[in-house]
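*Asks:* run22.pdb is reproduced in full below (PDB, C-alpha atoms and all ligand atoms).
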ATOM      1  CA  MET A  36      -8.536  18.700  -4.341  1.00  0.00           C
ATOM      2  CA  ARG A  37      -9.553  21.102  -7.096  1.00  0.00           C
ATOM      3  CA  GLY A  38     -12.580  20.035  -9.163  1.00  0.00           C
ATOM      4  CA  LYS A  39     -13.606  16.983  -7.155  1.00  0.00           C
ATOM      5  CA  GLN A  40     -15.161  16.984  -3.711  1.00  0.00           C
ATOM      6  CA  LEU A  41     -13.679  14.212  -1.565  1.00  0.00           C
ATOM      7  CA  GLU A  42     -14.514  13.280   1.982  1.00  0.00           C
ATOM      8  CA  LEU A  43     -11.910  11.947   4.370  1.00  0.00           C
ATOM      9  CA  GLU A  44     -13.572   9.516   6.774  1.00  0.00           C
ATOM     10  CA  THR A  45     -11.695   8.695   9.971  1.00  0.00           C
ATOM     11  CA  LEU A  46     -11.947   4.945  10.558  1.00  0.00           C
ATOM     12  CA  GLU A  47      -9.454   4.744  13.433  1.00  0.00           C
ATOM     13  CA  THR A  48      -7.177   7.136  15.270  1.00  0.00           C
ATOM     14  CA  ASN A  49      -4.886   4.368  16.505  1.00  0.00           C
ATOM     15  CA  PRO A  50      -3.578   3.601  13.898  1.00  0.00           C
ATOM     16  CA  ARG A  51      -4.318   6.739  11.928  1.00  0.00           C
ATOM     17  CA  LEU A  52      -6.543   5.129   9.320  1.00  0.00           C
ATOM     18  CA  PHE A  53      -8.780   7.006   6.901  1.00  0.00           C
ATOM     19  CA  ARG A  54     -10.985   6.163   3.955  1.00  0.00           C
ATOM     20  CA  VAL A  55     -11.753   8.212   0.857  1.00  0.00           C
ATOM     21  CA  ARG A  56     -14.736   6.967  -1.124  1.00  0.00           C
ATOM     22  CA  SER A  57     -14.554   6.955  -4.931  1.00  0.00           C
ATOM     23  CA  LEU A  58     -11.052   8.343  -5.239  1.00  0.00           C
ATOM     24  CA  LEU A  59     -10.853   6.559  -8.596  1.00  0.00           C
ATOM     25  CA  SER A  60     -13.768   6.048 -10.988  1.00  0.00           C
ATOM     26  CA  SER A  61     -14.507   2.580 -12.356  1.00  0.00           C
ATOM     27  CA  ASP A  62     -12.883   3.614 -15.686  1.00  0.00           C
ATOM     28  CA  GLU A  63      -9.771   4.718 -13.850  1.00  0.00           C
ATOM     29  CA  CYS A  64      -9.629   1.436 -11.910  1.00  0.00           C
ATOM     30  CA  ALA A  65      -9.934  -0.415 -15.217  1.00  0.00           C
ATOM     31  CA  LEU A  66      -7.134   1.706 -16.687  1.00  0.00           C
ATOM     32  CA  VAL A  67      -4.757   0.902 -13.814  1.00  0.00           C
ATOM     33  CA  ARG A  68      -5.572  -2.801 -14.087  1.00  0.00           C
ATOM     34  CA  SER A  69      -5.091  -2.836 -17.840  1.00  0.00           C
ATOM     35  CA  MET A  70      -1.697  -1.132 -17.563  1.00  0.00           C
ATOM     36  CA  ALA A  71      -0.525  -3.848 -15.194  1.00  0.00           C
ATOM     37  CA  GLU A  72      -1.621  -6.661 -17.516  1.00  0.00           C
ATOM     38  CA  GLY A  73       1.332  -8.590 -18.905  1.00  0.00           C
ATOM     39  CA  HIS A  74       3.734  -7.296 -16.230  1.00  0.00           C
ATOM     40  CA  TYR A  75       2.811  -9.399 -13.199  1.00  0.00           C
ATOM     41  CA  THR A  76       5.381 -11.383 -11.273  1.00  0.00           C
ATOM     42  CA  GLU A  77       5.050 -13.336  -8.041  1.00  0.00           C
ATOM     43  CA  SER A  78       4.904 -10.992  -5.042  1.00  0.00           C
ATOM     44  CA  ALA A  79       7.877 -10.829  -2.730  1.00  0.00           C
ATOM     45  CA  SER A  80       7.958  -9.660   0.859  1.00  0.00           C
ATOM     46  CA  TYR A  81      10.716  -8.460   3.138  1.00  0.00           C
ATOM     47  CA  ASP A  82      11.815  -9.024   6.704  1.00  0.00           C
ATOM     48  CA  GLU A  83      11.157  -5.774   8.551  1.00  0.00           C
ATOM     49  CA  ASP A  84      14.363  -5.953  10.563  1.00  0.00           C
ATOM     50  CA  SER A  85      16.912  -7.323   8.156  1.00  0.00           C
ATOM     51  CA  GLY A  86      15.330  -6.144   4.902  1.00  0.00           C
ATOM     52  CA  GLU A  87      15.957  -9.616   3.498  1.00  0.00           C
ATOM     53  CA  GLN A  88      13.568 -10.954   0.940  1.00  0.00           C
ATOM     54  CA  PHE A  89      11.334 -13.854   1.985  1.00  0.00           C
ATOM     55  CA  ASP A  90      10.851 -16.768  -0.288  1.00  0.00           C
ATOM     56  CA  ALA A  91       7.131 -16.236  -0.866  1.00  0.00           C
ATOM     57  CA  ALA A  92       6.489 -19.780  -2.039  1.00  0.00           C
ATOM     58  CA  ARG A  93       8.348 -21.355   0.872  1.00  0.00           C
ATOM     59  CA  ASP A  94       7.436 -19.274   3.880  1.00  0.00           C
ATOM     60  CA  GLY A  95       3.831 -18.663   2.930  1.00  0.00           C
ATOM     61  CA  ARG A  96       3.743 -15.023   4.009  1.00  0.00           C
ATOM     62  CA  ARG A  97       2.168 -13.641   0.882  1.00  0.00           C
ATOM     63  CA  ARG A  98       0.396 -15.186  -2.070  1.00  0.00           C
ATOM     64  CA  SER A  99      -0.349 -12.843  -4.971  1.00  0.00           C
ATOM     65  CA  HIS A 100       1.173 -11.334  -8.087  1.00  0.00           C
ATOM     66  CA  ASN A 101       2.114  -7.718  -8.594  1.00  0.00           C
ATOM     67  CA  ALA A 102       3.226  -5.255 -11.232  1.00  0.00           C
ATOM     68  CA  PHE A 103       4.507  -1.681 -10.955  1.00  0.00           C
ATOM     69  CA  VAL A 104       2.896   0.984 -13.114  1.00  0.00           C
ATOM     70  CA  GLY A 105       3.199   4.733 -13.516  1.00  0.00           C
ATOM     71  CA  LEU A 106       5.992   7.164 -13.384  1.00  0.00           C
ATOM     72  CA  LEU A 107       8.556   7.375 -10.704  1.00  0.00           C
ATOM     73  CA  HIS A 108       8.592  11.183 -10.869  1.00  0.00           C
ATOM     74  CA  ASN A 109      12.223  11.167 -11.870  1.00  0.00           C
ATOM     75  CA  LYS A 110      12.363  10.494 -15.604  1.00  0.00           C
ATOM     76  CA  ARG A 111      15.728   8.816 -15.207  1.00  0.00           C
ATOM     77  CA  PHE A 112      13.843   5.762 -14.010  1.00  0.00           C
ATOM     78  CA  SER A 113      12.005   4.276 -16.881  1.00  0.00           C
ATOM     79  CA  GLY A 114      10.861   0.760 -17.511  1.00  0.00           C
ATOM     80  CA  PHE A 115       7.430   0.829 -15.911  1.00  0.00           C
ATOM     81  CA  PRO A 116       4.364   1.023 -18.114  1.00  0.00           C
ATOM     82  CA  THR A 117       3.071   4.583 -17.876  1.00  0.00           C
ATOM     83  CA  SER A 118       0.870   7.091 -19.661  1.00  0.00           C
ATOM     84  CA  GLU A 119      -0.355  10.645 -19.243  1.00  0.00           C
ATOM     85  CA  ARG A 120      -3.613   9.325 -17.762  1.00  0.00           C
ATOM     86  CA  ILE A 121      -1.963   7.302 -15.019  1.00  0.00           C
ATOM     87  CA  GLU A 122       0.455  10.101 -14.229  1.00  0.00           C
ATOM     88  CA  ARG A 123      -2.571  12.363 -13.783  1.00  0.00           C
ATOM     89  CA  LEU A 124      -3.906   9.868 -11.214  1.00  0.00           C
ATOM     90  CA  GLN A 125      -0.535   9.868  -9.482  1.00  0.00           C
ATOM     91  CA  ARG A 126      -0.671  13.651  -9.249  1.00  0.00           C
ATOM     92  CA  ARG A 127      -4.212  13.395  -7.841  1.00  0.00           C
ATOM     93  CA  VAL A 128      -3.055  11.127  -5.023  1.00  0.00           C
ATOM     94  CA  ALA A 129       0.008  13.250  -4.306  1.00  0.00           C
ATOM     95  CA  SER A 130      -2.185  16.332  -4.017  1.00  0.00           C
ATOM     96  CA  LEU A 131      -4.703  14.469  -1.832  1.00  0.00           C
ATOM     97  CA  ILE A 132      -2.106  13.507   0.708  1.00  0.00           C
ATOM     98  CA  ARG A 133      -0.121  16.714   0.296  1.00  0.00           C
ATOM     99  CA  MET A 134       3.166  14.997  -0.356  1.00  0.00           C
ATOM    100  CA  GLY A 135       4.892  15.856  -3.569  1.00  0.00           C
ATOM    101  CA  MET A 136       5.194  13.382  -6.414  1.00  0.00           C
ATOM    102  CA  PRO A 137       8.913  12.985  -5.683  1.00  0.00           C
ATOM    103  CA  ASN A 138       8.073  11.145  -2.464  1.00  0.00           C
ATOM    104  CA  ALA A 139       5.904   8.488  -4.092  1.00  0.00           C
ATOM    105  CA  GLU A 140       6.890   5.146  -5.544  1.00  0.00           C
ATOM    106  CA  PRO A 141       5.284   3.948  -8.728  1.00  0.00           C
ATOM    107  CA  TRP A 142       1.999   2.175  -8.013  1.00  0.00           C
ATOM    108  CA  GLN A 143       2.177  -1.488  -7.120  1.00  0.00           C
ATOM    109  CA  VAL A 144      -0.847  -3.253  -8.590  1.00  0.00           C
ATOM    110  CA  VAL A 145      -1.555  -6.495  -6.746  1.00  0.00           C
ATOM    111  CA  ARG A 146      -3.685  -9.324  -8.094  1.00  0.00           C
ATOM    112  CA  TYR A 147      -5.004 -12.065  -5.799  1.00  0.00           C
ATOM    113  CA  ALA A 148      -6.548 -15.291  -7.056  1.00  0.00           C
ATOM    114  CA  PRO A 149      -8.714 -17.463  -4.775  1.00  0.00           C
ATOM    115  CA  GLY A 150      -6.506 -18.645  -1.914  1.00  0.00           C
ATOM    116  CA  GLY A 151      -4.393 -15.451  -2.085  1.00  0.00           C
ATOM    117  CA  PHE A 152      -3.506 -13.507   1.094  1.00  0.00           C
ATOM    118  CA  TYR A 153      -0.884 -11.374   2.796  1.00  0.00           C
ATOM    119  CA  ARG A 154      -0.196 -12.206   6.438  1.00  0.00           C
ATOM    120  CA  LEU A 155       0.188  -9.577   9.139  1.00  0.00           C
ATOM    121  CA  HIS A 156       2.914  -7.113   8.191  1.00  0.00           C
ATOM    122  CA  GLN A 157       4.062  -3.542   8.453  1.00  0.00           C
ATOM    123  CA  ASP A 158       4.424  -1.349   5.339  1.00  0.00           C
ATOM    124  CA  GLY A 159       6.888   0.955   7.058  1.00  0.00           C
ATOM    125  CA  VAL A 160      10.340   0.044   5.865  1.00  0.00           C
ATOM    126  CA  TYR A 161      13.499   2.097   6.325  1.00  0.00           C
ATOM    127  CA  PHE A 162      15.899   1.860   3.411  1.00  0.00           C
ATOM    128  CA  PRO A 163      19.284   2.752   4.909  1.00  0.00           C
ATOM    129  CA  GLU A 164      21.051   2.811   1.572  1.00  0.00           C
ATOM    130  CA  TYR A 165      18.705   5.557   0.347  1.00  0.00           C
ATOM    131  CA  ASN A 166      17.993   7.070   3.769  1.00  0.00           C
ATOM    132  CA  THR A 167      14.261   7.085   3.335  1.00  0.00           C
ATOM    133  CA  THR A 168      11.291   5.494   5.105  1.00  0.00           C
ATOM    134  CA  ARG A 169       7.885   4.522   3.803  1.00  0.00           C
ATOM    135  CA  VAL A 170       5.860   6.711   6.106  1.00  0.00           C
ATOM    136  CA  ALA A 171       2.377   6.333   4.669  1.00  0.00           C
ATOM    137  CA  THR A 172       0.327   4.047   2.463  1.00  0.00           C
ATOM    138  CA  VAL A 173      -2.559   4.801   0.150  1.00  0.00           C
ATOM    139  CA  LEU A 174      -4.265   1.527  -0.744  1.00  0.00           C
ATOM    140  CA  VAL A 175      -6.789   1.780  -3.576  1.00  0.00           C
ATOM    141  CA  TYR A 176      -9.301  -1.005  -4.230  1.00  0.00           C
ATOM    142  CA  LEU A 177      -9.534  -1.662  -7.952  1.00  0.00           C
ATOM    143  CA  ASN A 178     -12.577  -3.955  -7.695  1.00  0.00           C
ATOM    144  CA  SER A 179     -15.352  -4.675  -5.212  1.00  0.00           C
ATOM    145  CA  LEU A 180     -15.879  -7.812  -3.152  1.00  0.00           C
ATOM    146  CA  HIS A 181     -18.675  -9.042  -0.914  1.00  0.00           C
ATOM    147  CA  GLY A 182     -18.075  -9.875   2.738  1.00  0.00           C
ATOM    148  CA  ASP A 183     -18.247 -13.640   2.156  1.00  0.00           C
ATOM    149  CA  ASP A 184     -15.725 -13.494  -0.746  1.00  0.00           C
ATOM    150  CA  GLY A 185     -12.900 -12.990   1.765  1.00  0.00           C
ATOM    151  CA  GLY A 186     -10.085 -10.674   0.682  1.00  0.00           C
ATOM    152  CA  ALA A 187     -10.849  -7.875   3.138  1.00  0.00           C
ATOM    153  CA  THR A 188      -8.076  -5.767   4.674  1.00  0.00           C
ATOM    154  CA  ASN A 189      -7.687  -6.352   8.399  1.00  0.00           C
ATOM    155  CA  PHE A 190      -6.033  -4.147  11.045  1.00  0.00           C
ATOM    156  CA  PRO A 191      -6.135  -6.490  14.051  1.00  0.00           C
ATOM    157  CA  TYR A 192      -4.354  -4.030  16.367  1.00  0.00           C
ATOM    158  CA  SER A 193      -6.640  -1.095  15.809  1.00  0.00           C
ATOM    159  CA  GLY A 194      -7.275   0.522  19.167  1.00  0.00           C
ATOM    160  CA  GLY A 195      -3.952  -0.626  20.578  1.00  0.00           C
ATOM    161  CA  VAL A 196      -1.510  -3.511  20.578  1.00  0.00           C
ATOM    162  CA  PRO A 197      -2.813  -6.223  22.937  1.00  0.00           C
ATOM    163  CA  ALA A 198      -0.579  -8.196  25.267  1.00  0.00           C
ATOM    164  CA  THR A 199      -1.193 -11.373  23.314  1.00  0.00           C
ATOM    165  CA  PRO A 200      -0.695 -11.484  19.574  1.00  0.00           C
ATOM    166  CA  ARG A 201      -3.810 -11.578  17.458  1.00  0.00           C
ATOM    167  CA  ASP A 202      -4.536 -13.862  14.609  1.00  0.00           C
ATOM    168  CA  ALA A 203      -4.870 -11.573  11.620  1.00  0.00           C
ATOM    169  CA  HIS A 204      -5.341 -14.459   9.248  1.00  0.00           C
ATOM    170  CA  SER A 205      -8.840 -15.130  10.554  1.00  0.00           C
ATOM    171  CA  CYS A 206      -9.679 -11.414  10.228  1.00  0.00           C
ATOM    172  CA  SER A 207     -11.944 -11.715  13.238  1.00  0.00           C
ATOM    173  CA  GLU A 208     -10.451  -8.929  15.375  1.00  0.00           C
ATOM    174  CA  GLY A 209      -9.892  -5.229  15.029  1.00  0.00           C
ATOM    175  CA  ARG A 210     -11.004  -3.261  11.978  1.00  0.00           C
ATOM    176  CA  THR A 211     -11.827  -5.083   8.763  1.00  0.00           C
ATOM    177  CA  VAL A 212     -12.497  -3.230   5.508  1.00  0.00           C
ATOM    178  CA  VAL A 213     -14.271  -4.968   2.632  1.00  0.00           C
ATOM    179  CA  PRO A 214     -12.900  -3.799  -0.753  1.00  0.00           C
ATOM    180  CA  HIS A 215     -15.097  -1.382  -2.658  1.00  0.00           C
ATOM    181  CA  GLN A 216     -13.990  -0.319  -6.110  1.00  0.00           C
ATOM    182  CA  GLY A 217     -12.367   3.101  -6.274  1.00  0.00           C
ATOM    183  CA  ASP A 218     -12.203   3.613  -2.504  1.00  0.00           C
ATOM    184  CA  ALA A 219      -8.859   4.307  -0.875  1.00  0.00           C
ATOM    185  CA  LEU A 220      -7.513   3.632   2.592  1.00  0.00           C
ATOM    186  CA  ILE A 221      -4.868   5.997   3.884  1.00  0.00           C
ATOM    187  CA  PHE A 222      -2.757   5.021   6.871  1.00  0.00           C
ATOM    188  CA  TYR A 223       0.473   6.126   8.508  1.00  0.00           C
ATOM    189  CA  ASN A 224       3.166   3.573   9.201  1.00  0.00           C
ATOM    190  CA  VAL A 225       5.156   5.738  11.590  1.00  0.00           C
ATOM    191  CA  LEU A 226       4.132   7.486  14.794  1.00  0.00           C
ATOM    192  CA  PRO A 227       3.717  11.247  14.735  1.00  0.00           C
ATOM    193  CA  ARG A 228       6.720  13.208  15.985  1.00  0.00           C
ATOM    194  CA  ALA A 229       6.742  16.579  17.678  1.00  0.00           C
ATOM    195  CA  PRO A 230       6.765  19.382  15.113  1.00  0.00           C
ATOM    196  CA  GLY A 231       9.485  21.980  15.020  1.00  0.00           C
ATOM    197  CA  ARG A 232      12.329  20.200  13.387  1.00  0.00           C
ATOM    198  CA  VAL A 233      12.940  17.862  10.527  1.00  0.00           C
ATOM    199  CA  TRP A 234      13.138  14.265  11.711  1.00  0.00           C
ATOM    200  CA  ARG A 235      15.732  12.044  10.191  1.00  0.00           C
ATOM    201  CA  PRO A 236      14.244   8.925   8.562  1.00  0.00           C
ATOM    202  CA  GLU A 237      16.120   6.611  10.900  1.00  0.00           C
ATOM    203  CA  GLU A 238      14.598   8.384  13.927  1.00  0.00           C
ATOM    204  CA  LEU A 239      11.039   7.610  12.872  1.00  0.00           C
ATOM    205  CA  VAL A 240       9.277   4.973  14.974  1.00  0.00           C
ATOM    206  CA  PHE A 241       6.973   2.475  13.314  1.00  0.00           C
ATOM    207  CA  ASP A 242       3.407   2.331  14.515  1.00  0.00           C
ATOM    208  CA  SER A 243       2.710  -1.313  15.431  1.00  0.00           C
ATOM    209  CA  THR A 244      -1.024  -0.705  15.337  1.00  0.00           C
ATOM    210  CA  ALA A 245      -0.705  -0.034  11.593  1.00  0.00           C
ATOM    211  CA  LYS A 246       0.170  -3.674  10.977  1.00  0.00           C
ATOM    212  CA  HIS A 247      -2.392  -5.185   8.668  1.00  0.00           C
ATOM    213  CA  ALA A 248      -3.175  -8.221   6.573  1.00  0.00           C
ATOM    214  CA  ALA A 249      -4.978  -9.179   3.392  1.00  0.00           C
ATOM    215  CA  CYS A 250      -7.489 -11.809   4.504  1.00  0.00           C
ATOM    216  CA  PRO A 251      -7.542 -14.991   2.443  1.00  0.00           C
ATOM    217  CA  LEU A 252      -9.574 -14.623  -0.723  1.00  0.00           C
ATOM    218  CA  VAL A 253     -12.241 -17.320  -0.932  1.00  0.00           C
ATOM    219  CA  ARG A 254     -13.592 -16.679  -4.432  1.00  0.00           C
ATOM    220  CA  SER A 255     -13.387 -14.189  -7.270  1.00  0.00           C
ATOM    221  CA  GLU A 256     -10.283 -12.057  -7.929  1.00  0.00           C
ATOM    222  CA  LYS A 257      -9.055  -9.072  -6.014  1.00  0.00           C
ATOM    223  CA  TYR A 258      -7.058  -6.113  -7.350  1.00  0.00           C
ATOM    224  CA  ILE A 259      -5.534  -3.278  -5.361  1.00  0.00           C
ATOM    225  CA  ALA A 260      -2.954  -0.570  -5.923  1.00  0.00           C
ATOM    226  CA  ASN A 261      -0.410   0.163  -3.205  1.00  0.00           C
ATOM    227  CA  ILE A 262       0.929   3.701  -3.231  1.00  0.00           C
ATOM    228  CA  TRP A 263       3.794   4.121  -0.807  1.00  0.00           C
ATOM    229  CA  LEU A 264       4.835   7.561   0.313  1.00  0.00           C
ATOM    230  CA  HIS A 265       8.358   8.201   1.536  1.00  0.00           C
ATOM    231  CA  SER A 266       9.969  10.619   3.923  1.00  0.00           C
ATOM    232  CA  ALA A 267      12.359  11.570   1.127  1.00  0.00           C
ATOM    233  CA  ASP A 268      12.663  11.212  -2.599  1.00  0.00           C
ATOM    234  CA  PRO A 269      13.128   7.447  -3.013  1.00  0.00           C
ATOM    235  CA  THR A 270      14.819   7.895  -6.362  1.00  0.00           C
ATOM    236  CA  ALA A 271      17.809   9.700  -4.981  1.00  0.00           C
ATOM    237  CA  GLY A 272      20.520   7.250  -5.814  1.00  0.00           C
ATOM    238  CA  LEU A 273      18.027   4.406  -6.097  1.00  0.00           C
ATOM    239  CA  ARG A 274      18.233   1.840  -8.830  1.00  0.00           C
ATOM    240  CA  TRP A 275      14.557   1.139  -9.275  1.00  0.00           C
ATOM    241  CA  GLY A 276      14.708  -1.385 -11.978  1.00  0.00           C
ATOM    242  CA  THR A 277      12.777  -4.603 -11.472  1.00  0.00           C
ATOM    243  CA  ALA A 278       9.156  -5.491 -11.072  1.00  0.00           C
ATOM    244  CA  ASN A 279       9.897  -6.941  -7.660  1.00  0.00           C
ATOM    245  CA  SER A 280      11.441  -3.871  -6.096  1.00  0.00           C
ATOM    246  CA  PRO A 281      10.457  -3.681  -2.402  1.00  0.00           C
TER     247      PRO A 281
HETATM  248  O1  LIG B   1      -4.651  -6.520  -0.131  1.00  0.00           O
HETATM  249  C1  LIG B   1      -4.845  -5.914   0.909  1.00  0.00           C
HETATM  250  O2  LIG B   1      -5.981  -5.716   1.352  1.00  0.00           O
HETATM  251  C2  LIG B   1      -3.674  -5.427   1.723  1.00  0.00           C
HETATM  252  C3  LIG B   1      -2.405  -5.447   0.914  1.00  0.00           C
HETATM  253  C4  LIG B   1      -1.197  -5.103   1.685  1.00  0.00           C
HETATM  254  O3  LIG B   1      -1.221  -5.008   2.867  1.00  0.00           O
HETATM  255  C5  LIG B   1       0.075  -4.888   0.989  1.00  0.00           C
HETATM  256  O4  LIG B   1       0.190  -5.219  -0.196  1.00  0.00           O
HETATM  257  O5  LIG B   1       1.010  -4.377   1.639  1.00  0.00           O
END
I'd like the structure from this file rewritten - as structure tokens, please.
Ligand SMILES: O=C(O)CCC(=O)C(=O)O
*Replies:*
Amino acid sequence: MRGKQLELETLETNPRLFRVRSLLSSDECALVRSMAEGHYTESASYDEDSGEQFDAARDGRRRSHNAFVGLLHNKRFSGFPTSERIERLQRRVASLIRMGMPNAEPWQVVRYAPGGFYRLHQDGVYFPEYNTTRVATVLVYLNSLHGDDGGATNFPYSGGVPATPRDAHSCSEGRTVVPHQGDALIFYNVLPRAPGRVWRPEELVFDSTAKHAACPLVRSEKYIANIWLHSADPTAGLRWGTANSP
């Protein structure tokens, strides 16, 4: 990236999981958090097979609030709080991961209170109606936590999917990352495909080892930004209108 030296640290190769330290400064983290203020709604989550929305309160899969901020590159889609400064950050992330702005969703800022969590899940979702898949995630920590605060991000299947399911909620297995303000995790939700031709989104295979969880937060608050990168422009034909878009 021009102007700022960043180091990509390989945390795991299976899943492909990387960390970039200090991608955002503390001022930039504060900016993203302040833009989300006043826009939070209860977080929803979706069944990976059917795409149906879970009832977060009833099925206990996810407990947090979220708000979308920043531009969806296509100016037709307005309604999210945005500014030149946050769009500059969006361009920074797009250039870091070498996927154009058109392939990124607006940023989902997530706020956890004590007791908040997100059980084991896969970010890779194929949206048949728009023919696009979320192929990669950039997860930015907007504040720091200590190990005993809880709220770490856990990849229980790092190294391979075991024969018996693992309990991601205890965060005792696999790779666990404690949030540090400004740092970003980058991981791929689909398996690599042989180069040489363009793969259709529906042919992409999800990487089960990329399943991850937000460990229960014991104290303090936790803020992250999810940046989901698509195989195609997710705005093509997409009505991207509510705070709880998937
Ligand atoms: O909060 C975290 O550490 C993980 C969040 C997450 O997995 C998600 O929002 O999809």
*Asks:* Once the PyMOL selection byres (((not hetatm)) within 7 of (chain B and resi 1)) is applied to the coordinates I shared, what remains selected? I want it as a PyMOL selection string.
*Replies:* chain A and resi 145+153+158+186-188+247-249+259+261
*Asks:* Go ahead and save the picked residues with C-alpha atoms, as a PDB file, keeping the file's coordinate frame.
*Replies:*
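Saved to out-v4.pdb:
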ATOM      1  CA  VAL A 145      -1.555  -6.495  -6.746  1.00  0.00           C
ATOM      2  CA  TYR A 153      -0.884 -11.374   2.796  1.00  0.00           C
ATOM      3  CA  ASP A 158       4.424  -1.349   5.339  1.00  0.00           C
ATOM      4  CA  GLY A 186     -10.085 -10.674   0.682  1.00  0.00           C
ATOM      5  CA  ALA A 187     -10.849  -7.875   3.138  1.00  0.00           C
ATOM      6  CA  THR A 188      -8.076  -5.767   4.674  1.00  0.00           C
ATOM      7  CA  HIS A 247      -2.392  -5.185   8.668  1.00  0.00           C
ATOM      8  CA  ALA A 248      -3.175  -8.221   6.573  1.00  0.00           C
ATOM      9  CA  ALA A 249      -4.978  -9.179   3.392  1.00  0.00           C
ATOM     10  CA  ILE A 259      -5.534  -3.278  -5.361  1.00  0.00           C
ATOM     11  CA  ASN A 261      -0.410   0.163  -3.205  1.00  0.00           C
TER      12      ASN A 261
END
*Asks:* When the PyMOL selection byres (((chain A and resi 223) around 10) and not hetatm) is applied to the file above, which residues end up in the set, as a ChimeraX atom specification?
*Replies:* /A:49-53,158-159,169-173,221-222,224-227,241-242,244-245,264
*Asks:* Show which residues sit within 9 Å of Tyr147 of chain A, as a VMD selection string. Count all atoms listed in the file, and ignore same-chain residues fewer than 2 positions away.
*Replies:* chain A and resid 98 to 101 145 149 to 152 186 252 255 to 259
*Asks:* When you look at Ala139 of chain A with a cut-off of 7 Å (counting all atoms listed in the file), what residues show up, excluding the ones that are within fewer than 6 positions of it in the same chain? I need them as an NGL selection string.
*Replies:* :A and (262-265)
*Asks:* In Å, rounded to a single decimal, give me how far atom CA of Thr45 of chain A is from atom CA of Leu131 of chain A.
*Replies:*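 Separation between atom CA of Leu131 of chain A and atom CA of Thr45 of chain A: 14.9 Å.
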*Asks:* Nearest to Glu47 of chain A among A:Gln157, A:Tyr192, A:Ala198, A:Gly217, with distances taken over all atoms listed in the file: which residue is it?
*Replies:*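 For Glu47 of chain A, the nearest of the given residues is A:Tyr192.
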*Asks:* Interatomic distance between atom CA of Thr48 of chain A and atom CA of Gly209 of chain A?
*Replies:*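 Answer for the atom CA of Thr48 of chain A to atom CA of Gly209 of chain A separation: 12.7 Å.
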*Asks:* Using Å and a single decimal, report how far atom CA of Leu46 of chain A sits from atom CA of Gly195 of chain A.
*Replies:*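 Between atom CA of Gly195 of chain A and atom CA of Leu46 of chain A the gap is 14.0 Å.
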*Asks:* The PyMOL selection byres (((chain A and resi 142) around 12) and not hetatm) on the file shown: which residues, as a count of residues only?
*Replies:* 42
*Asks:* Can you pull out the residues contacting Arg96 of chain A? Cut-off 10 Å, using all atoms listed in the file, and skip same-chain residues under 6 positions away; I want them as a list of chain:residue names.
*Replies:*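 Once the nearby chain positions are removed, what remains is A:Ser78, A:Ala79, A:Ser80, A:Tyr81, A:Phe89, A:Asp90, A:Phe152, A:Tyr153, A:Arg154, A:Leu155, A:His156.
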*Asks:* Can you find the residues with an atom no farther than 8 Å from (-17.8, -8.5, 4.9), counting only C-alpha atoms, and report them as a list in words?
*Replies:*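 Checking each residue against the 8 Å limit leaves His181, Gly182, Asp183, Asp184, Gly185, Ala187, Thr211, Val212 and Val213 of chain A.
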*Asks:* Would you compute, for all listed atoms of segment 53-58 of chain A, the axis-aligned bounding box grown by 8 Å on each side, and then report its centre and edge lengths in Å rounded to one decimal, as JSON?
*Replies:*
{"center_x": -11.8, "center_y": 7.3, "center_z": 0.8, "size_x": 22.0, "size_y": 18.2, "size_z": 28.1}
*Asks:* Choose the residue, out of A:Val55, A:Glu238, A:Arg123, A:Glu72, that has the smallest atom-to-atom separation from Tyr161 of chain A; count all atoms listed in the file.
*Replies:*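 Using all atoms listed in the file, Tyr161 of chain A sits closest to A:Glu238.
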*Asks:* Leaving out Glu237 of chain A and any residue of its chain fewer than 5 positions from it, which residues lie within 10 Å of it when counting all atoms listed in the file, given as a count of residues only?
*Replies:* 6
